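Notes follow once the structure below has been shown.
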Amino acid sequence: MREFIQDSARHFLPSDVYICNGSSEEQKELADLLVQNGTFIALNQDKRPGSFLARSDPDDVARIEKRTFICSNKQEDAGPSNNCKDPVEMKAHLKSLFHGCMKGRRMYVIPFCMGPKDSQAAKIGIQITDSPYVAYSMTIMTKVSHEFLDKPFIPCIHSVGRPLEAGEKDSPWPCNKEKWIVHFPETREIWSYGSGYGGNALLGKKCLALRIASVLGRDEGWMAEHMLILALSNPQGVKRYVAAAFPSACGKTNLALVKSCLSGWKVECVGDDIAWLHVGEDGALYAINPENGFFGVAPGTSDGSNPNAMEMIKKNTIFTNVALTEDGDVWWEGMTKEPPSGTIIDWKGNIWDRKELAAHPNSRFTVAVKQCPILDSHYDDPKGVRIDAIIFGGRRAFDVPLVLEADNWTHGVFFGANLSSEKTAAAEGSVGDIRRDPFAMLPFCGYHMGDYFQHWLDMGKKIHPNYLPKIYQVNWFRKSKDGGYLWPGFSENVRILRWIFERIGSDCKAISTPIGKIPEISAFEGLEISKEALDELFFVGHAAEKKNLLDAKKYFSTLEPRTPMELKQELDRLEKNL
Ligand code: OXD
Ligand code: MN
């Protein structure tokens, strides 16, 4: 640890070094500094106590998948879905790029823990960064303490890539046009350069807890997944935990914090983005949330769509790239039907013309889990929570039914492997195109996707058959021919969770289709929805399914020779069913 810190300082040449301890005094000092630098604007303390607005550089607003690299010793181990470069050459390149990159800035050393700190499943990282915004965010998103300094750790190196000459004026959001988000899976190292934003810069999240952790999981026999974890309790007080994978910005935070529409049924939250799944001593599958905070998408979040999130972000929250109202509060599209009156400053810092978007579509709130009003009492349980069902969901306007149950674990893995979704603003690129996003892990899997599928199949064999979670696929986003959503979504999604809950107990029937099982009509009793809408929501079109099958075949062939045999057999089974 000492060597790592000293080497970093010697090489990156910061003006000084500070080791974070995660205390509230330290948070306050960081916030004061950020306000002084102009990175933070303090919000109206009566309306949002302890909260700040940050505006990023307009070119530093999302994860950049094109600039994200998995540098495996053998290129084929990274697989076709990852950018890969030779690790020795990449390390040499980064070393020269990072030389002197922190000149004129303080180097923060952040010892952090992902997961309940007394859990065998937790992992320690040490992040080096020259960004106080990142340091502050890390104290929310992870557990930061000096007690993690003398443990084995994953080194995470970050710089905004903008050294300052003596007397040079800093910008509120320093960054560099050239960006590198680099992972070394064999040596378990992370280097990130040029961006100060979210998943590019808070290295505990996507870089450690997904990309590197997925490799650790493969090697150590567990799974790191892009999944929320929630608890659902029935009116009798029986509680079951569910993990659900959705691509970025497809409603994971809304589902994780959902307010139940069904009387007596209660949802509580363990996490909204990442789950680490281990087989426990009893042979069941247990999940921990490695994170300590939420980094949620702001637009669309409202008292109607997500009242729990709105409650959670009333104080002690960083808002990044949302709009600023005249009374010193925040606003984004979808928060209220009409924007507030008075002058609004948009996410770029200009007076809003009320034509362009006031908030960036990937604008975010950063807030500690402790502020979640429906936080589950086991959220920090070192053992984790027992998972009874796994859900894969995507955003698909056509062809994909509201919910499907897999016939068994292998069939469920087939669901995950074929997950696809319309692109969102969480990553750079065109919004709306459908892309395959297996297990919602396309941008986050640190190794070959074919091996990852095999790992899922192998994990199914490690779980005791009595405890094998049932697997589901959902699509809240199907549209009718006239373009409206067929399903009300949000709190009504709890109806689907209830069906899943009841299926686990096996005291509830399902209807078989060639592609999976669907609920009987009774699951929707009490909901105002037309028979036609339900028929459309569950319509399984033969031609569309044939096309999906062909697409799946084509996709699986791109993973050869690492496509698992069992998944190819699922293709044959589906073909026969169709
Ligand atoms: C996220 C993402 O920030 O998936 O969670 O992009
Ligand atoms: Mn995510």
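Residue numbering restarts at 1 in every chain; chains get A, B, ... in the order shown in the structure tokens, and ligands count up from 1 in that same order.
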Non-local contacts of A:Ser195 (8 Å; only C-alpha atoms; under 6 positions in same chain excluded) as a short mmCIF file (atom, residue, chain, number, x, y, z; two decimals) with N, CA and C atoms, in the first residue's frame:
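Generated file (around.cif):
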data_model
loop_
_atom_site.label_atom_id
_atom_site.label_comp_id
_atom_site.auth_asym_id
_atom_site.auth_seq_id
_atom_site.Cartn_x
_atom_site.Cartn_y
_atom_site.Cartn_z
N ASP A 60 -18.20 15.47 -21.36
CA ASP A 60 -17.85 14.44 -20.37
C ASP A 60 -19.11 14.11 -19.58
N SER A 159 -7.03 9.85 -13.06
CA SER A 159 -6.66 11.26 -13.18
C SER A 159 -7.58 11.92 -14.21
N VAL A 160 -7.90 13.18 -13.94
CA VAL A 160 -8.69 13.92 -14.93
C VAL A 160 -7.82 14.31 -16.13
N GLY A 161 -6.52 14.11 -15.98
CA GLY A 161 -5.62 14.34 -17.13
C GLY A 161 -5.48 15.82 -17.48
N CYS A 175 -10.99 18.08 -17.32
CA CYS A 175 -10.94 16.74 -17.92
C CYS A 175 -10.08 16.84 -19.17
N ASN A 176 -9.93 15.76 -19.88
CA ASN A 176 -9.10 15.77 -21.08
C ASN A 176 -9.90 15.18 -22.24
N LYS A 179 -9.47 10.11 -23.59
CA LYS A 179 -9.94 9.36 -22.43
C LYS A 179 -9.56 7.88 -22.54
N ALA A 201 -15.05 7.33 -13.67
CA ALA A 201 -14.17 7.95 -12.68
C ALA A 201 -14.34 7.41 -11.26
#
Can you list, as a PyMOL selection string, every residue of stretch 145-323 of chain A that DSSP puts in helix (DSSP H, G or I)? chain A and resi 146-148+198-201+204-220+252-256+307-312
Taking only C-alpha atoms and all ligand atoms into account, which residues have an atom no farther than 10 Å from ligand 2? I'd like them as JSON, numbers by chain. {"A": [199, 205, 206, 210, 225, 226, 227, 228, 245, 246, 247, 248, 249, 250, 251, 252, 253, 272, 273, 274, 294, 295, 296, 297, 426, 440, 441, 443, 444]}
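Minimum atom-to-atom distances from A:Arg63, A:Arg10, A:Lys169, A:Lys479 to ligand 1 were compared using only C-alpha atoms and all ligand atoms, and the lowest value belongs to A:Arg63.
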Might you pull out every residue within 9 Å of stretch 502-507 of chain A, with only C-alpha atoms counted and same-chain residues fewer than 3 positions away left off, and present them as a PyMOL selection string? chain A and resi 388-389+469-470+497-499+510
Restrict the selected residues to N, CA, C and O atoms and save them as a PDB file, in the first residue's frame.
ATOM      1  N   ASP A 388     -34.374 -15.772  -4.442  1.00  0.00           N
ATOM      2  CA  ASP A 388     -35.312 -16.810  -4.888  1.00  0.00           C
ATOM      3  C   ASP A 388     -35.687 -16.676  -6.359  1.00  0.00           C
ATOM      4  O   ASP A 388     -36.233 -17.595  -6.949  1.00  0.00           O
ATOM      5  N   ALA A 389     -35.457 -15.485  -6.927  1.00  0.00           N
ATOM      6  CA  ALA A 389     -35.782 -15.318  -8.349  1.00  0.00           C
ATOM      7  C   ALA A 389     -34.826 -14.320  -8.981  1.00  0.00           C
ATOM      8  O   ALA A 389     -34.338 -13.406  -8.310  1.00  0.00           O
ATOM      9  N   PRO A 469     -32.786 -20.472  -7.934  1.00  0.00           N
ATOM     10  CA  PRO A 469     -33.745 -19.394  -8.210  1.00  0.00           C
ATOM     11  C   PRO A 469     -34.468 -19.640  -9.533  1.00  0.00           C
ATOM     12  O   PRO A 469     -33.888 -20.175 -10.476  1.00  0.00           O
ATOM     13  N   LYS A 470     -35.753 -19.279  -9.569  1.00  0.00           N
ATOM     14  CA  LYS A 470     -36.469 -19.310 -10.846  1.00  0.00           C
ATOM     15  C   LYS A 470     -36.023 -18.099 -11.642  1.00  0.00           C
ATOM     16  O   LYS A 470     -35.697 -17.050 -11.062  1.00  0.00           O
ATOM     17  N   LEU A 497     -44.139  -8.829  -9.912  1.00  0.00           N
ATOM     18  CA  LEU A 497     -43.324  -9.366  -8.805  1.00  0.00           C
ATOM     19  C   LEU A 497     -44.170 -10.320  -7.950  1.00  0.00           C
ATOM     20  O   LEU A 497     -43.681 -11.355  -7.499  1.00  0.00           O
ATOM     21  N   ARG A 498     -45.432  -9.961  -7.732  1.00  0.00           N
ATOM     22  CA  ARG A 498     -46.309 -10.830  -6.937  1.00  0.00           C
ATOM     23  C   ARG A 498     -46.494 -12.174  -7.635  1.00  0.00           C
ATOM     24  O   ARG A 498     -46.440 -13.234  -7.001  1.00  0.00           O
ATOM     25  N   TRP A 499     -46.684 -12.149  -8.957  1.00  0.00           N
ATOM     26  CA  TRP A 499     -46.850 -13.415  -9.692  1.00  0.00           C
ATOM     27  C   TRP A 499     -45.586 -14.283  -9.519  1.00  0.00           C
ATOM     28  O   TRP A 499     -45.660 -15.479  -9.256  1.00  0.00           O
ATOM     29  N   ALA A 510     -49.396 -21.346 -14.302  1.00  0.00           N
ATOM     30  CA  ALA A 510     -48.874 -20.556 -15.411  1.00  0.00           C
ATOM     31  C   ALA A 510     -49.301 -21.233 -16.707  1.00  0.00           C
ATOM     32  O   ALA A 510     -49.672 -22.405 -16.721  1.00  0.00           O
TER      33      ALA A 510
END
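You will find atom CA of A:Ser420 at 26.6 Å from atom CA of A:Ala309.
Pairwise distance (atom CA of A:Leu559, atom CA of A:Met449) equals 7.1 Å.
For stretch 347-480 of chain A, backbone-based DSSP assignment of strand (DSSP E) covers Arg364, Phe365, Thr366, Val367, Ala368, Val385, Arg386, Ile387, Asp388, Ala389, Ile390, Ile391, Phe392, Gly393, Val403, Leu404, Glu405, Ser420, Ser421, Glu422, Ile434, Arg435, Arg436, Lys470, Ile471, Tyr472, Gln473 and Val474 of chain A.
Nearest to A:Val61 of all the residues A:Phe153, A:Phe148, A:Phe40, A:Tyr197 is A:Tyr197, counting only C-alpha atoms.
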I'd like the contact shell of A:Glu65 - 12 Å cut-off, only C-alpha atoms, skipping same-chain residues fewer than 6 positions apart - returned as a PyMOL selection string. chain A and resi 81-84+179-182+199-200+206-207+426-429+442-445
Can you pull out every residue within 9 Å of A:Pro235, counting only C-alpha atoms, but drop anything in the same chain fewer than 5 positions away, and send it as a short mmCIF file (atom, residue, chain, number, x, y, z; two decimals) with N, CA, C and O atoms, in the first residue's frame?
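Okay, around.cif is ready:
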data_model
loop_
_atom_site.label_atom_id
_atom_site.label_comp_id
_atom_site.auth_asym_id
_atom_site.auth_seq_id
_atom_site.Cartn_x
_atom_site.Cartn_y
_atom_site.Cartn_z
N SER A 263 -52.22 -3.71 -1.84
CA SER A 263 -52.28 -3.50 -0.40
C SER A 263 -51.76 -4.75 0.31
O SER A 263 -52.01 -5.89 -0.09
N GLY A 264 -50.96 -4.51 1.34
CA GLY A 264 -50.37 -5.61 2.11
C GLY A 264 -49.05 -6.11 1.55
O GLY A 264 -48.30 -6.79 2.23
N TRP A 265 -48.76 -5.80 0.31
CA TRP A 265 -47.49 -6.25 -0.30
C TRP A 265 -46.47 -5.12 -0.18
O TRP A 265 -46.75 -3.98 -0.54
N LYS A 266 -45.29 -5.47 0.32
CA LYS A 266 -44.30 -4.43 0.62
C LYS A 266 -42.99 -4.71 -0.12
O LYS A 266 -42.52 -5.85 -0.16
#
Nearby residues (only C-alpha atoms) at most 12 Å from A:Cys508, same-chain spacing under 6 positions excluded, as a PDB file with C-alpha atoms, in the first residue's frame:
ATOM      1  CA  ARG A 498     -46.309 -10.830  -6.937  1.00  0.00           C
ATOM      2  CA  TRP A 499     -46.850 -13.415  -9.692  1.00  0.00           C
ATOM      3  CA  ILE A 500     -43.164 -14.332  -9.476  1.00  0.00           C
ATOM      4  CA  PHE A 501     -43.410 -14.561  -5.658  1.00  0.00           C
ATOM      5  CA  GLU A 502     -46.403 -16.857  -5.950  1.00  0.00           C
ATOM      6  CA  LYS A 517     -44.495 -19.601 -19.234  1.00  0.00           C
ATOM      7  CA  ILE A 518     -46.866 -16.654 -18.810  1.00  0.00           C
ATOM      8  CA  PRO A 519     -49.384 -15.722 -16.079  1.00  0.00           C
ATOM      9  CA  GLU A 520     -53.051 -16.579 -16.150  1.00  0.00           C
ATOM     10  CA  ILE A 521     -55.428 -13.671 -16.510  1.00  0.00           C
ATOM     11  CA  SER A 522     -56.195 -13.758 -12.754  1.00  0.00           C
ATOM     12  CA  ALA A 523     -52.767 -12.197 -12.063  1.00  0.00           C
TER      13      ALA A 523
END
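If you measure from each of A:Gly460, A:Gly328, A:Pro340, A:Gly293 to ligand 1 using only C-alpha atoms and all ligand atoms, the closest one turns out to be A:Gly293.
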If we count only C-alpha atoms and set the cut-off at 9 Å, which residues sit around A:Thr366, ignoring sequence neighbours fewer than 2 positions away in its own chain? Please answer as an MDAnalysis selection string. chainID A and resid 137 140:141 293:296 313 316:320 364 368
Using N, CA, C and O atoms, can you write the selected residues to a file as a JSON list (two decimals), in the first residue's frame?
[["chain", "number", "residue", "atom", "x", "y", "z"],
["A", 137, "SER", "N", -17.60, 11.98, -4.14],
["A", 137, "SER", "CA", -18.57, 10.98, -4.60],
["A", 137, "SER", "C", -18.24, 9.59, -4.06],
["A", 137, "SER", "O", -19.15, 8.82, -3.71],
["A", 140, "ILE", "N", -19.53, 8.79, -0.77],
["A", 140, "ILE", "CA", -20.97, 8.44, -0.74],
["A", 140, "ILE", "C", -21.18, 7.03, -1.29],
["A", 140, "ILE", "O", -21.93, 6.23, -0.73],
["A", 141, "MET", "N", -20.53, 6.73, -2.40],
["A", 141, "MET", "CA", -20.82, 5.48, -3.13],
["A", 141, "MET", "C", -20.16, 4.24, -2.53],
["A", 141, "MET", "O", -20.52, 3.11, -2.86],
["A", 293, "GLY", "N", -24.11, 3.58, -2.08],
["A", 293, "GLY", "CA", -24.91, 4.72, -2.51],
["A", 293, "GLY", "C", -25.62, 4.43, -3.82],
["A", 293, "GLY", "O", -25.44, 3.36, -4.42],
["A", 294, "PHE", "N", -26.43, 5.38, -4.22],
["A", 294, "PHE", "CA", -27.14, 5.30, -5.50],
["A", 294, "PHE", "C", -26.56, 6.37, -6.42],
["A", 294, "PHE", "O", -26.37, 7.52, -5.98],
["A", 295, "PHE", "N", -26.33, 6.00, -7.67],
["A", 295, "PHE", "CA", -25.92, 6.96, -8.69],
["A", 295, "PHE", "C", -26.99, 6.85, -9.77],
["A", 295, "PHE", "O", -26.83, 6.17, -10.77],
["A", 296, "GLY", "N", -28.13, 7.49, -9.51],
["A", 296, "GLY", "CA", -29.32, 7.23, -10.33],
["A", 296, "GLY", "C", -29.52, 8.26, -11.43],
["A", 296, "GLY", "O", -29.08, 9.41, -11.30],
["A", 313, "ILE", "N", -33.70, 11.86, -2.06],
["A", 313, "ILE", "CA", -32.77, 12.90, -2.55],
["A", 313, "ILE", "C", -33.15, 14.29, -2.06],
["A", 313, "ILE", "O", -32.75, 15.29, -2.64],
["A", 316, "ASN", "N", -28.56, 16.07, 1.30],
["A", 316, "ASN", "CA", -27.23, 15.41, 1.19],
["A", 316, "ASN", "C", -27.05, 14.68, -0.14],
["A", 316, "ASN", "O", -26.64, 13.52, -0.17],
["A", 317, "THR", "N", -27.35, 15.36, -1.21],
["A", 317, "THR", "CA", -27.29, 14.72, -2.53],
["A", 317, "THR", "C", -26.46, 15.59, -3.49],
["A", 317, "THR", "O", -26.56, 16.81, -3.45],
["A", 318, "ILE", "N", -25.65, 14.92, -4.31],
["A", 318, "ILE", "CA", -24.98, 15.65, -5.40],
["A", 318, "ILE", "C", -25.84, 15.44, -6.65],
["A", 318, "ILE", "O", -26.19, 14.30, -7.00],
["A", 319, "PHE", "N", -26.18, 16.52, -7.32],
["A", 319, "PHE", "CA", -26.87, 16.44, -8.61],
["A", 319, "PHE", "C", -25.87, 16.85, -9.67],
["A", 319, "PHE", "O", -25.21, 17.88, -9.53],
["A", 320, "THR", "N", -25.76, 16.07, -10.71],
["A", 320, "THR", "CA", -24.81, 16.40, -11.77],
["A", 320, "THR", "C", -25.56, 16.54, -13.09],
["A", 320, "THR", "O", -26.31, 15.62, -13.48],
["A", 364, "ARG", "N", -27.56, 12.91, -13.21],
["A", 364, "ARG", "CA", -27.60, 11.92, -12.12],
["A", 364, "ARG", "C", -27.77, 12.54, -10.74],
["A", 364, "ARG", "O", -27.42, 13.70, -10.54],
["A", 368, "ALA", "N", -26.35, 8.60, -0.50],
["A", 368, "ALA", "CA", -25.99, 7.41, 0.30],
["A", 368, "ALA", "C", -27.19, 6.47, 0.47],
["A", 368, "ALA", "O", -28.32, 6.93, 0.61]]
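Counting only C-alpha atoms and all ligand atoms, the residue from A:Gly198, A:Pro290, A:Gly541, A:Pro299 that sits nearest to ligand 1 is A:Gly198.
Atom pair atom CA of A:Lys568 / atom CA of A:Pro465 has a distance of 22.7 Å (rounded to one decimal).
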Counting only C-alpha atoms, closest pick from A:Thr336, A:Thr558, A:Ser8, A:Thr563 relative to A:Thr301 is A:Thr336
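Proximity to A:Gln371 was assessed for A:Asn292, A:Ser214, A:Ser480, A:Ser491 counting only C-alpha atoms; the smallest distance is recorded for A:Asn292.
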